[in-house]
>>> print(open('my_file_19.cif').read())   # mmCIF, C-alpha atoms
data_model
loop_
_atom_site.label_atom_id
_atom_site.label_comp_id
_atom_site.auth_asym_id
_atom_site.auth_seq_id
_atom_site.Cartn_x
_atom_site.Cartn_y
_atom_site.Cartn_z
CA MET A 126 -16.06 -23.18 123.32
CA ARG A 127 -16.29 -25.88 120.68
CA GLY A 128 -18.31 -25.64 117.50
CA ALA A 129 -19.39 -22.19 116.44
CA PHE A 130 -17.11 -20.30 118.87
CA ARG A 131 -13.96 -22.43 118.85
CA SER A 132 -11.72 -19.60 117.57
CA LEU A 133 -12.29 -17.74 120.82
CA THR A 134 -10.05 -20.23 122.61
CA SER A 135 -7.15 -18.23 121.12
CA PHE A 136 -6.04 -15.24 123.23
CA ASN A 137 -5.06 -13.23 120.16
CA TYR A 138 -8.40 -13.82 118.48
CA ARG A 139 -10.30 -12.85 121.63
CA MET A 140 -8.37 -9.58 121.83
CA TRP A 141 -8.98 -8.84 118.17
CA ALA A 142 -12.68 -9.71 118.37
CA GLY A 143 -13.21 -7.50 121.43
CA GLY A 144 -11.73 -4.43 119.77
CA ALA A 145 -13.39 -5.16 116.44
CA ILE A 146 -16.95 -5.30 117.80
CA VAL A 147 -16.63 -1.83 119.36
CA SER A 148 -15.17 -0.36 116.18
CA ASN A 149 -17.75 -2.10 113.98
CA VAL A 150 -20.63 -0.62 116.00
CA GLY A 151 -19.16 2.84 115.45
CA THR A 152 -18.68 2.18 111.74
CA TRP A 153 -22.32 1.19 111.26
CA MET A 154 -23.43 4.21 113.25
CA GLN A 155 -21.50 6.46 110.86
CA ARG A 156 -22.76 4.70 107.73
CA THR A 157 -26.34 5.18 108.86
CA ALA A 158 -25.82 8.83 109.76
CA GLN A 159 -23.91 9.57 106.55
CA ASP A 160 -26.65 8.15 104.31
CA TRP A 161 -29.29 10.03 106.29
CA VAL A 162 -27.41 13.33 106.04
CA VAL A 163 -26.98 12.98 102.27
CA LEU A 164 -30.55 11.87 101.62
CA THR A 165 -32.46 14.26 103.90
CA GLN A 166 -30.21 17.21 104.81
CA LEU A 167 -27.80 17.85 101.95
CA THR A 168 -30.19 16.82 99.14
CA HIS A 169 -33.93 16.42 98.71
CA HIS A 170 -34.23 12.61 98.81
CA ASN A 171 -31.64 12.20 96.03
CA ALA A 172 -30.76 8.49 95.83
CA THR A 173 -28.23 9.19 93.08
CA ALA A 174 -26.17 11.26 95.53
CA VAL A 175 -26.12 8.31 97.95
CA GLY A 176 -24.95 6.16 95.05
CA VAL A 177 -22.14 8.62 94.27
CA VAL A 178 -20.97 8.51 97.90
CA MET A 179 -20.88 4.71 97.73
CA ALA A 180 -19.02 4.82 94.43
CA LEU A 181 -16.36 7.15 95.82
CA GLN A 182 -16.02 5.03 98.94
CA PHE A 183 -15.54 1.73 97.13
CA GLY A 184 -13.93 2.82 93.86
CA PRO A 185 -10.37 2.92 95.29
CA GLN A 186 -10.62 -0.85 95.85
CA VAL A 187 -10.02 -1.20 92.10
CA LEU A 188 -7.79 1.80 91.43
CA LEU A 189 -5.31 0.95 94.21
CA LEU A 190 -5.36 -2.82 93.65
CA PRO A 191 -1.66 -3.06 92.57
CA LEU A 192 -0.61 -1.45 95.86
CA THR A 193 -3.10 -3.02 98.25
CA GLY A 194 -2.41 -6.60 97.25
CA PHE A 195 1.33 -6.01 97.53
CA ALA A 196 0.92 -4.43 100.98
CA ALA A 197 -1.20 -7.30 102.30
CA ASP A 198 1.35 -9.89 101.15
CA HIS A 199 4.63 -8.13 102.01
CA LEU A 200 4.08 -5.75 104.94
CA ASP A 201 3.57 -6.52 108.62
CA ARG A 202 -0.23 -6.80 108.68
CA ARG A 203 -0.60 -5.90 112.35
CA LYS A 204 1.33 -2.63 111.93
CA LEU A 205 -0.48 -1.90 108.66
CA LEU A 206 -3.85 -2.31 110.40
CA ILE A 207 -2.82 0.00 113.24
CA ALA A 208 -1.98 2.68 110.64
CA THR A 209 -5.18 2.24 108.61
CA GLN A 210 -7.45 2.16 111.66
CA ALA A 211 -5.85 5.36 112.98
CA ALA A 212 -6.35 7.06 109.61
CA MET A 213 -10.01 5.99 109.44
CA GLY A 214 -10.60 7.37 112.93
CA THR A 215 -9.02 10.70 111.92
CA LEU A 216 -11.31 10.97 108.88
CA ALA A 217 -14.38 10.29 111.01
CA LEU A 218 -13.24 13.00 113.42
CA GLY A 219 -12.85 15.54 110.62
CA LEU A 220 -16.29 14.88 109.14
CA GLY A 221 -17.83 14.97 112.61
CA LEU A 222 -16.33 18.35 113.46
CA LEU A 223 -17.58 19.84 110.16
CA THR A 224 -21.08 18.48 110.74
CA VAL A 225 -21.33 19.59 114.38
CA ALA A 226 -20.16 23.06 113.38
CA GLY A 227 -22.84 23.25 110.69
CA LEU A 228 -20.27 23.70 107.91
CA VAL A 229 -20.69 20.41 106.07
CA HIS A 230 -21.67 20.42 102.40
CA LEU A 231 -22.29 17.59 99.96
CA TRP A 232 -18.84 17.96 98.39
CA HIS A 233 -17.29 17.52 101.85
CA VAL A 234 -19.01 14.15 102.18
CA TYR A 235 -17.76 13.21 98.71
CA VAL A 236 -14.17 14.07 99.62
CA PHE A 237 -14.26 12.21 102.93
CA ALA A 238 -15.87 9.19 101.23
CA LEU A 239 -13.05 9.10 98.66
CA LEU A 240 -10.33 9.40 101.32
CA LEU A 241 -11.99 6.73 103.43
CA GLY A 242 -12.15 4.51 100.37
CA CYS A 243 -8.42 4.92 99.80
CA VAL A 244 -7.61 3.91 103.38
CA THR A 245 -10.12 1.04 103.35
CA ALA A 246 -8.55 -0.31 100.16
CA PHE A 247 -5.39 -1.03 102.17
CA ASP A 248 -7.24 -2.04 105.34
CA ALA A 249 -9.67 -4.61 103.94
CA PRO A 250 -7.31 -7.21 102.37
CA ALA A 251 -4.89 -6.91 105.29
CA ARG A 252 -7.75 -7.39 107.78
CA GLN A 253 -9.15 -10.41 105.93
CA THR A 254 -5.77 -12.16 105.63
CA PHE A 255 -4.69 -11.20 109.17
CA VAL A 256 -7.30 -13.63 110.50
CA SER A 257 -5.13 -16.56 109.38
CA GLU A 258 -2.32 -15.20 111.59
CA LEU A 259 -4.61 -15.10 114.60
CA VAL A 260 -5.92 -18.68 114.49
CA GLY A 261 -4.04 -20.70 111.87
CA GLU A 262 -5.41 -22.81 109.04
CA ALA A 263 -7.47 -25.27 111.11
CA ASP A 264 -9.88 -22.65 112.49
CA LEU A 265 -9.69 -20.17 109.61
CA SER A 266 -13.19 -20.81 108.27
CA ASN A 267 -14.65 -20.49 111.78
CA ALA A 268 -12.73 -17.26 112.46
CA VAL A 269 -13.93 -15.72 109.17
CA ALA A 270 -17.51 -16.59 110.11
CA LEU A 271 -17.11 -15.13 113.62
CA ASN A 272 -15.68 -11.95 112.09
CA SER A 273 -18.83 -11.73 109.99
CA THR A 274 -20.93 -12.37 113.08
CA SER A 275 -19.21 -9.48 114.86
CA PHE A 276 -19.61 -7.20 111.86
CA ASN A 277 -23.29 -7.97 111.50
CA ALA A 278 -24.02 -7.88 115.22
CA ALA A 279 -22.64 -4.36 115.00
CA ARG A 280 -24.93 -3.74 112.03
CA MET A 281 -27.82 -4.78 114.26
CA ILE A 282 -26.79 -2.47 117.11
CA GLY A 283 -25.16 0.49 115.38
CA PRO A 284 -27.97 1.72 113.10
CA ALA A 285 -30.55 1.50 115.89
CA ILE A 286 -28.32 3.63 118.17
CA ALA A 287 -27.56 5.99 115.29
CA GLY A 288 -31.24 6.51 114.55
CA VAL A 289 -31.92 7.57 118.14
CA LEU A 290 -28.84 9.84 118.27
CA ILE A 291 -29.63 11.49 114.93
CA ALA A 292 -33.11 12.34 116.13
CA ASN A 293 -31.90 13.71 119.48
CA VAL A 294 -28.40 15.20 119.10
CA GLY A 295 -27.68 15.22 115.38
CA SER A 296 -25.54 13.28 112.91
CA GLY A 297 -22.29 15.09 113.73
CA TRP A 298 -22.05 13.50 117.17
CA VAL A 299 -22.52 10.06 115.60
CA PHE A 300 -19.41 10.69 113.47
CA LEU A 301 -17.44 11.76 116.55
CA ILE A 302 -18.47 8.65 118.48
CA ASN A 303 -17.29 6.53 115.56
CA ALA A 304 -13.94 8.32 115.60
CA ALA A 305 -13.48 7.40 119.27
CA SER A 306 -14.45 3.76 118.62
CA PHE A 307 -11.33 3.14 116.53
CA ALA A 308 -9.25 3.38 119.71
CA ALA A 309 -10.64 -0.02 120.77
CA VAL A 310 -9.30 -1.95 117.80
CA ILE A 311 -5.96 -0.10 117.86
CA VAL A 312 -5.49 -1.00 121.54
CA SER A 313 -6.40 -4.64 120.83
CA LEU A 314 -3.80 -4.80 118.05
CA CYS A 315 -1.15 -3.38 120.37
CA LEU A 316 -1.96 -5.96 123.07
CA LEU A 317 -1.66 -9.03 120.82
CA ARG A 318 0.96 -11.65 121.70
CA VAL A 319 3.11 -11.18 118.62
CA HIS A 320 5.13 -14.34 119.25
CA GLU A 321 1.91 -16.42 119.06
CA LEU A 322 0.87 -15.16 115.62
CA HIS A 323 0.73 -17.83 112.89
CA ARG A 324 2.92 -16.08 110.37
CA GLY A 325 3.75 -17.99 107.20
CA ASN A 326 6.41 -17.25 104.64
CA LYS A 327 6.15 -13.86 103.00
CA ALA A 328 5.72 -13.75 99.25
CA PRO A 329 8.97 -12.97 97.40
CA ARG A 330 9.30 -9.38 96.21
CA THR A 331 9.16 -9.72 92.44
CA ARG A 332 7.95 -7.53 89.63
CA GLY A 333 4.54 -8.25 88.26
CA GLY A 334 3.26 -9.59 91.57
CA LEU A 335 -0.32 -8.50 90.91
CA ALA A 336 -0.19 -9.93 87.39
CA GLU A 337 0.92 -13.20 88.95
CA GLY A 338 -2.14 -13.04 91.18
CA PHE A 339 -4.43 -12.60 88.19
CA ARG A 340 -2.72 -15.48 86.37
CA TYR A 341 -3.18 -17.64 89.45
CA VAL A 342 -6.91 -16.83 89.56
CA TRP A 343 -7.35 -17.28 85.80
CA LYS A 344 -6.07 -20.86 85.97
CA ARG A 345 -8.54 -21.75 88.71
CA PRO A 346 -12.15 -22.33 87.55
CA ASP A 347 -13.38 -22.43 91.14
CA LEU A 348 -11.93 -19.00 91.95
CA LYS A 349 -13.17 -17.52 88.68
CA ALA A 350 -16.71 -18.71 89.36
CA ILE A 351 -16.73 -17.34 92.91
CA LEU A 352 -15.30 -13.97 91.84
CA LEU A 353 -17.86 -13.60 89.04
CA MET A 354 -20.67 -14.38 91.48
CA LEU A 355 -19.27 -11.83 93.92
CA PHE A 356 -19.05 -9.23 91.17
CA LEU A 357 -22.68 -9.64 90.19
CA ILE A 358 -24.04 -9.51 93.74
CA GLY A 359 -21.55 -6.88 94.94
CA THR A 360 -22.18 -4.56 92.00
CA PHE A 361 -25.96 -4.68 91.72
CA GLY A 362 -27.20 -6.37 94.90
CA VAL A 363 -25.25 -5.14 97.91
CA ASN A 364 -26.42 -1.54 97.65
CA PHE A 365 -28.36 -1.75 100.89
CA PRO A 366 -27.98 1.94 101.88
CA ILE A 367 -29.83 2.93 98.71
CA PHE A 368 -32.48 0.22 98.91
CA ILE A 369 -33.30 0.70 102.59
CA SER A 370 -33.07 4.50 102.73
CA THR A 371 -35.22 5.12 99.65
CA MET A 372 -37.88 2.62 100.71
CA SER A 373 -37.92 4.15 104.20
CA VAL A 374 -38.19 7.76 103.09
CA THR A 375 -40.17 7.73 99.83
CA VAL A 376 -42.38 4.62 100.18
CA PHE A 377 -43.03 4.21 103.92
CA HIS A 378 -42.34 7.88 104.90
CA ALA A 379 -40.36 6.79 107.96
CA GLY A 380 -38.10 8.93 110.16
CA ALA A 381 -34.47 8.42 111.14
CA SER A 382 -35.19 5.98 113.97
CA ARG A 383 -37.35 3.70 111.82
CA TYR A 384 -34.76 3.83 109.03
CA GLY A 385 -32.13 2.68 111.50
CA LEU A 386 -34.47 -0.04 112.73
CA LEU A 387 -34.81 -1.51 109.22
CA THR A 388 -31.03 -1.76 108.92
CA SER A 389 -30.95 -3.49 112.32
CA ILE A 390 -33.69 -5.93 111.28
CA MET A 391 -31.63 -6.91 108.26
CA ALA A 392 -28.62 -7.38 110.54
CA VAL A 393 -30.59 -9.93 112.60
CA GLY A 394 -30.69 -12.09 109.49
CA SER A 395 -27.02 -11.42 108.79
CA VAL A 396 -25.98 -12.47 112.30
CA THR A 397 -28.05 -15.64 111.93
CA GLY A 398 -26.35 -16.43 108.64
CA ALA A 399 -22.90 -15.77 110.10
CA LEU A 400 -23.52 -18.03 113.12
CA LEU A 401 -24.78 -20.82 110.87
CA SER A 402 -21.61 -20.47 108.81
CA ALA A 403 -19.48 -20.56 111.96
CA ARG A 404 -20.94 -23.94 112.93
CA ARG A 405 -19.82 -25.56 109.68
CA GLU A 406 -16.47 -27.31 109.72
CA LYS A 407 -15.69 -26.37 106.12
CA PRO A 408 -17.30 -24.08 103.55
CA ARG A 409 -19.13 -25.80 100.72
CA VAL A 410 -19.38 -24.42 97.21
CA GLU A 411 -23.00 -25.49 96.84
CA LEU A 412 -23.89 -23.04 99.63
CA LEU A 413 -22.86 -20.24 97.27
CA LEU A 414 -25.50 -21.39 94.81
CA ALA A 415 -28.18 -21.63 97.50
CA GLY A 416 -27.20 -18.28 99.04
CA ALA A 417 -27.31 -16.49 95.69
CA ALA A 418 -30.69 -17.99 94.74
CA VAL A 419 -32.30 -17.09 98.08
CA PHE A 420 -30.72 -13.61 97.83
CA GLY A 421 -32.49 -13.02 94.51
CA PHE A 422 -35.77 -14.46 95.84
CA GLY A 423 -35.60 -12.22 98.91
CA PHE A 424 -35.19 -9.10 96.80
CA ALA A 425 -38.08 -10.15 94.57
CA LEU A 426 -40.29 -10.45 97.66
CA ALA A 427 -39.06 -7.13 99.07
CA ALA A 428 -40.00 -5.34 95.85
CA VAL A 429 -43.70 -6.18 96.32
CA MET A 430 -44.07 -5.90 100.11
CA PRO A 431 -46.93 -3.51 100.91
CA SER A 432 -46.01 -2.49 104.47
CA TYR A 433 -43.01 -1.39 106.53
CA TRP A 434 -42.96 -4.48 108.76
CA LEU A 435 -43.38 -7.01 105.94
CA PHE A 436 -40.55 -5.27 104.11
CA GLY A 437 -38.46 -5.62 107.27
CA LEU A 438 -39.11 -9.39 107.36
CA THR A 439 -37.86 -9.79 103.81
CA LEU A 440 -34.74 -7.82 104.76
CA ALA A 441 -34.02 -10.44 107.43
CA LEU A 442 -34.22 -13.15 104.77
CA ILE A 443 -31.89 -11.16 102.52
CA GLY A 444 -29.50 -10.77 105.46
CA VAL A 445 -29.30 -14.53 106.05
CA SER A 446 -28.69 -15.29 102.37
CA ALA A 447 -26.20 -12.47 101.82
CA GLN A 448 -24.15 -13.49 104.84
CA THR A 449 -24.20 -17.16 103.93
CA PHE A 450 -23.00 -16.26 100.45
CA THR A 451 -20.24 -13.81 101.41
CA THR A 452 -18.86 -15.82 104.35
CA THR A 453 -18.75 -19.00 102.29
CA ALA A 454 -17.07 -17.17 99.41
CA ILE A 455 -14.35 -15.60 101.57
CA SER A 456 -13.66 -18.82 103.49
CA THR A 457 -13.57 -20.93 100.34
CA VAL A 458 -11.18 -18.58 98.56
CA GLN A 459 -8.83 -18.29 101.54
CA LEU A 460 -8.69 -22.03 102.15
CA ALA A 461 -8.26 -22.85 98.47
CA THR A 462 -5.46 -20.31 97.92
CA GLU A 463 -1.80 -20.95 98.65
CA PRO A 464 -0.60 -18.83 101.62
CA VAL A 465 2.00 -16.89 99.60
CA MET A 466 -0.72 -15.79 97.15
CA ARG A 467 -3.47 -15.17 99.70
CA GLY A 468 -2.98 -11.41 100.12
CA ARG A 469 -3.08 -10.71 96.39
CA VAL A 470 -6.02 -13.02 95.77
CA MET A 471 -7.98 -11.46 98.64
CA ALA A 472 -7.19 -7.98 97.31
CA ILE A 473 -8.52 -9.08 93.92
CA LEU A 474 -11.61 -10.59 95.58
CA LEU A 475 -12.37 -7.42 97.54
CA ALA A 476 -11.70 -5.22 94.51
CA ILE A 477 -14.15 -7.26 92.44
CA ALA A 478 -16.76 -7.55 95.20
CA LEU A 479 -16.63 -3.91 96.30
CA GLY A 480 -15.03 -2.22 93.31
CA GLY A 481 -18.13 -2.83 91.22
CA THR A 482 -20.01 -0.41 93.47
CA PRO A 483 -18.92 2.66 91.42
CA ILE A 484 -20.76 1.02 88.52
CA GLY A 485 -23.76 -0.41 90.29
CA ALA A 486 -24.58 2.14 93.00
CA PRO A 487 -25.16 5.14 90.67
CA ILE A 488 -27.23 2.92 88.35
CA VAL A 489 -29.36 1.62 91.21
CA GLY A 490 -29.71 5.15 92.61
CA ARG A 491 -30.75 6.52 89.23
CA VAL A 492 -33.35 3.77 88.79
CA ALA A 493 -34.72 4.52 92.27
CA ASP A 494 -35.00 8.24 91.40
CA ALA A 495 -36.53 7.70 87.95
CA PHE A 496 -38.80 4.67 88.44
CA GLY A 497 -39.06 4.22 92.20
CA PRO A 498 -37.29 2.14 94.86
CA ARG A 499 -39.26 -1.00 94.06
CA TRP A 500 -37.75 -1.19 90.57
CA ALA A 501 -34.31 -0.71 92.09
CA LEU A 502 -34.97 -3.77 94.27
CA CYS A 503 -35.67 -5.74 91.09
CA ILE A 504 -32.07 -5.09 90.03
CA GLY A 505 -30.93 -6.69 93.28
CA ALA A 506 -33.14 -9.71 92.56
CA ALA A 507 -31.66 -10.08 89.08
CA SER A 508 -28.12 -10.00 90.49
CA GLY A 509 -28.85 -12.91 92.83
CA PHE A 510 -30.45 -15.04 90.13
CA ALA A 511 -27.59 -14.30 87.70
CA ALA A 512 -25.01 -15.31 90.33
CA ALA A 513 -26.94 -18.53 90.98
CA ILE A 514 -26.76 -19.36 87.27
CA VAL A 515 -22.97 -18.89 87.35
CA GLY A 516 -22.71 -21.21 90.36
CA LEU A 517 -24.93 -23.79 88.68
CA PHE A 518 -22.75 -23.71 85.56
CA TYR A 519 -19.58 -24.24 87.63
CA LEU A 520 -21.03 -27.15 89.59
CA THR A 521 -22.28 -28.77 86.39
CA LYS A 522 -19.04 -28.43 84.44
CA HIS A 523 -16.38 -28.87 87.13
CA ARG A 524 -18.11 -30.74 89.99
CA ASN A 525 -20.16 -33.19 87.89
CA LEU A 526 -23.52 -31.95 89.15
CA ARG A 527 -26.28 -34.39 88.28
CA VAL A 528 -30.02 -33.97 88.88
CA ARG A 529 -32.43 -36.86 88.46
CA PHE A 530 -35.90 -37.93 89.54
CA ASP A 531 -36.17 -41.01 91.73
CA ALA A 532 -39.52 -42.26 93.01
CA GLY A 533 -41.08 -38.86 92.46
CA ARG A 534 -38.30 -37.02 94.31
CA ILE A 535 -35.48 -34.83 93.00
CA ARG A 536 -32.03 -36.25 93.68
CA VAL A 537 -29.01 -33.95 93.43
CA ARG A 538 -25.48 -35.37 93.38
CA PHE A 539 -22.05 -33.95 92.64
CA ASP A 540 -18.40 -34.41 93.54
CA ASP A 541 -18.21 -33.19 97.16
CA GLN A 542 -14.51 -33.77 97.65
CA ILE A 543 -12.65 -30.88 99.32
CA LEU A 544 -9.44 -30.44 97.34
CA THR A 545 -6.20 -28.78 98.30
CA PRO A 546 -4.89 -25.88 96.17
CA GLN A 547 -2.51 -28.30 94.45
CA GLU A 548 -5.31 -30.75 93.61
CA LEU A 549 -7.85 -28.30 92.23
CA PRO A 550 -8.48 -28.36 88.46
CA VAL A 551 -6.45 -26.02 86.30
CA LEU A 552 -7.60 -24.74 82.93
#
>>> encode(input="my_file_19.cif", output="structure tokens")
Amino acid sequence: MRGAFRSLTSFNYRMWAGGAIVSNVGTWMQRTAQDWVVLTQLTHHNATAVGVVMALQFGPQVLLLPLTGFAADHLDRRKLLIATQAAMGTLALGLGLLTVAGLVHLWHVYVFALLLGCVTAFDAPARQTFVSELVGEADLSNAVALNSTSFNAARMIGPAIAGVLIANVGSGWVFLINAASFAAVIVSLCLLRVHELHRGNKAPRTRGGLAEGFRYVWKRPDLKAILLMLFLIGTFGVNFPIFISTMSVTVFHAGASRYGLLTSIMAVGSVTGALLSARREKPRVELLLAGAAVFGFGFALAAVMPSYWLFGLTLALIGVSAQTFTTTAISTVQLATEPVMRGRVMAILLAIALGGTPIGAPIVGRVADAFGPRWALCIGAASGFAAAIVGLFYLTKHRNLRVRFDAGRIRVRFDDQILTPQELPVL
């Protein structure tokens, strides 16, 4: 149980992980079915409509930021998660019943996406920070990586199952199965040993709490660099439903099962990246630079791939790089942030990483409709390269990055010291 899976020695984490994997499979099944319904049943291959759904689903991360950060820092996270998971299951049930009955319209999907986004805005920062209560500081980085492994293992399984179910029984039943899957994580939360949770001091209830969170981030060059990198990749790069669905339907003329298979292939890379991250004792900032650069390179390759299977291979590469980048970013921010500020900082991180989707997804969808999916993939490539430039600037200015040639070889050196929140540089 040492190494990559050491967090599983904790009873509470095992319970949480067991419920989460079931729920995550259902979530990925619904995401696949929802994109397929919008693209092939409610519109005629309209990528912009898929982008609008994504924008409505992730927009509340920004709009509700003052409330979500406060909730993650001040409320009982376990009880908050029980409430949000129950609400998400209810929304999946409603959309499933409409679809099975043949009554669903595009505006219904828009409304349910917006409502789901509102609930997720409260769920996501609480879920990310709740991990520290399950395992404590020592295994936090490992637990974050294992969470990502679970999420992406579900991405590998869920879309493949969804593709088969869509083709045989219809998308509505996929939504209903997802609704039932939320029971697993709710039961796991109820069975936790509350007295064994690693609960730190709650943040004091003061006015301007969110503003304090922004001031905290603004004084930290490391956090600012990571958040800017996340914004670039989250806004213009992590629009996978648009990239994969449009390439599947309009370029390779694939059906629902092969569309689901592409999402699963990408998840193989994501699981690999998450497991590699779980093996590391501590996250390293330079991995953000490498992850962003490979992310951009992977998208550049995907844009020119001539066949379905070669495109799938590049998706696996993108999955490894994307997971390395996001897991390292989340772990680094959590470990570098003081516990009383962690909920607000994570809410800001998620709002920046996901809240850019209302900007980027419609743009990417419009480019796919007007110029073709391959040009949309070029936007993803540009986002990775731009994020890598930001990381390079940070390492050069604040970590004393130096590159020199020695005996015909490139030597890269920088300050590799892991600093505590109190020791990190302040602008």
>>> resolve_selection(input="my_file_19.cif", expression="the PyMOL selection byres ((chain A and resi 439) around 12)", output="NGL selection string")
:A and (369 or 387-388 or 390-394 or 419-438 or 440-446 or 502)
>>> resolve_selection(input="my_file_19.cif", expression="the PyMOL selection byres ((chain A and resi 275-292) around 9)", output="NGL selection string")
:A and (142 or 145-158 or 161 or 270-274 or 293-299 or 380-396 or 399 or 448)
>>> closest_residue(input="my_file_19.cif", among="A:Asn364, A:Ser313, A:Ser132, A:Thr254", to="Gly468 (chain A)", atoms="all atoms listed in the file")
A:Thr254
>>> atom_distance(input="my_file_19.cif", atom1="CA of Gly485 (chain A)", atom2="CA of Val363 (chain A)")
9.1 Å
>>> atom_distance(input="my_file_19.cif", atom1="CA of Gly481 (chain A)", atom2="CA of Ala447 (chain A)")
16.4 Å
>>> residues_around(input="my_file_19.cif", residues="Gly176 (chain A)", least_positions_apart="4", cutoff="10 Å", atoms="all atoms listed in the file", output="ChimeraX atom specification")
/A:160,171-172,180-182,364,366-367,482-491
>>> write_last_selection(input="my_file_19.cif", atoms="C-alpha atoms", output="PDB file, in the frame of the given file")
ATOM      1  CA  ASP A 160     -26.650   8.150 104.310  1.00  0.00           C
ATOM      2  CA  ASN A 171     -31.640  12.200  96.030  1.00  0.00           C
ATOM      3  CA  ALA A 172     -30.760   8.490  95.830  1.00  0.00           C
ATOM      4  CA  ALA A 180     -19.020   4.820  94.430  1.00  0.00           C
ATOM      5  CA  LEU A 181     -16.360   7.150  95.820  1.00  0.00           C
ATOM      6  CA  GLN A 182     -16.020   5.030  98.940  1.00  0.00           C
ATOM      7  CA  ASN A 364     -26.420  -1.540  97.650  1.00  0.00           C
ATOM      8  CA  PRO A 366     -27.980   1.940 101.880  1.00  0.00           C
ATOM      9  CA  ILE A 367     -29.830   2.930  98.710  1.00  0.00           C
ATOM     10  CA  THR A 482     -20.010  -0.410  93.470  1.00  0.00           C
ATOM     11  CA  PRO A 483     -18.920   2.660  91.420  1.00  0.00           C
ATOM     12  CA  ILE A 484     -20.760   1.020  88.520  1.00  0.00           C
ATOM     13  CA  GLY A 485     -23.760  -0.410  90.290  1.00  0.00           C
ATOM     14  CA  ALA A 486     -24.580   2.140  93.000  1.00  0.00           C
ATOM     15  CA  PRO A 487     -25.160   5.140  90.670  1.00  0.00           C
ATOM     16  CA  ILE A 488     -27.230   2.920  88.350  1.00  0.00           C
ATOM     17  CA  VAL A 489     -29.360   1.620  91.210  1.00  0.00           C
ATOM     18  CA  GLY A 490     -29.710   5.150  92.610  1.00  0.00           C
ATOM     19  CA  ARG A 491     -30.750   6.520  89.230  1.00  0.00           C
TER      20      ARG A 491
END
>>> residues_around(input="my_file_19.cif", residues="Leu322 (chain A)", least_positions_apart="2", cutoff="8 Å", atoms="only C-alpha atoms", output="PyMOL selection string")
chain A and resi 137+258-260+318-320+324
>>> resolve_selection(input="my_file_19.cif", expression="the PyMOL selection byres ((chain A and resi 210) around 8)", output="PyMOL selection string")
chain A and resi 206-209+211-214+248+307+310-311
>>> atom_distance(input="my_file_19.cif", atom1="CA of Leu133 (chain A)", atom2="CA of Ala268 (chain A)")
8.4 Å
>>> closest_residue(input="my_file_19.cif", among="A:Gly194, A:Gly184, A:Gly509, A:Gly143", to="Leu353 (chain A)", atoms="all atoms listed in the file")
A:Gly509
>>> closest_residue(input="my_file_19.cif", among="A:Val162, A:Ala251, A:Ala309, A:Val234", to="Val177 (chain A)", atoms="only C-alpha atoms")
A:Val234
>>> closest_residue(input="my_file_19.cif", among="A:Trp343, A:Phe237, A:Phe510, A:Phe450", to="Phe300 (chain A)", atoms="all atoms listed in the file")
A:Phe237
>>> closest_residue(input="my_file_19.cif", among="A:His233, A:Arg499, A:Lys522, A:Lys349", to="Phe368 (chain A)", atoms="all atoms listed in the file")
A:Arg499
>>> residues_around(input="my_file_19.cif", residues="Val376 (chain A)", least_positions_apart="4", cutoff="8 Å", atoms="all atoms listed in the file", output="list in words")
Thr371, Met372 and Pro498 of chain A
>>> closest_residue(input="my_file_19.cif", among="A:His199, A:Gly261, A:Thr452, A:His523", to="Pro346 (chain A)", atoms="all atoms listed in the file")
A:His523
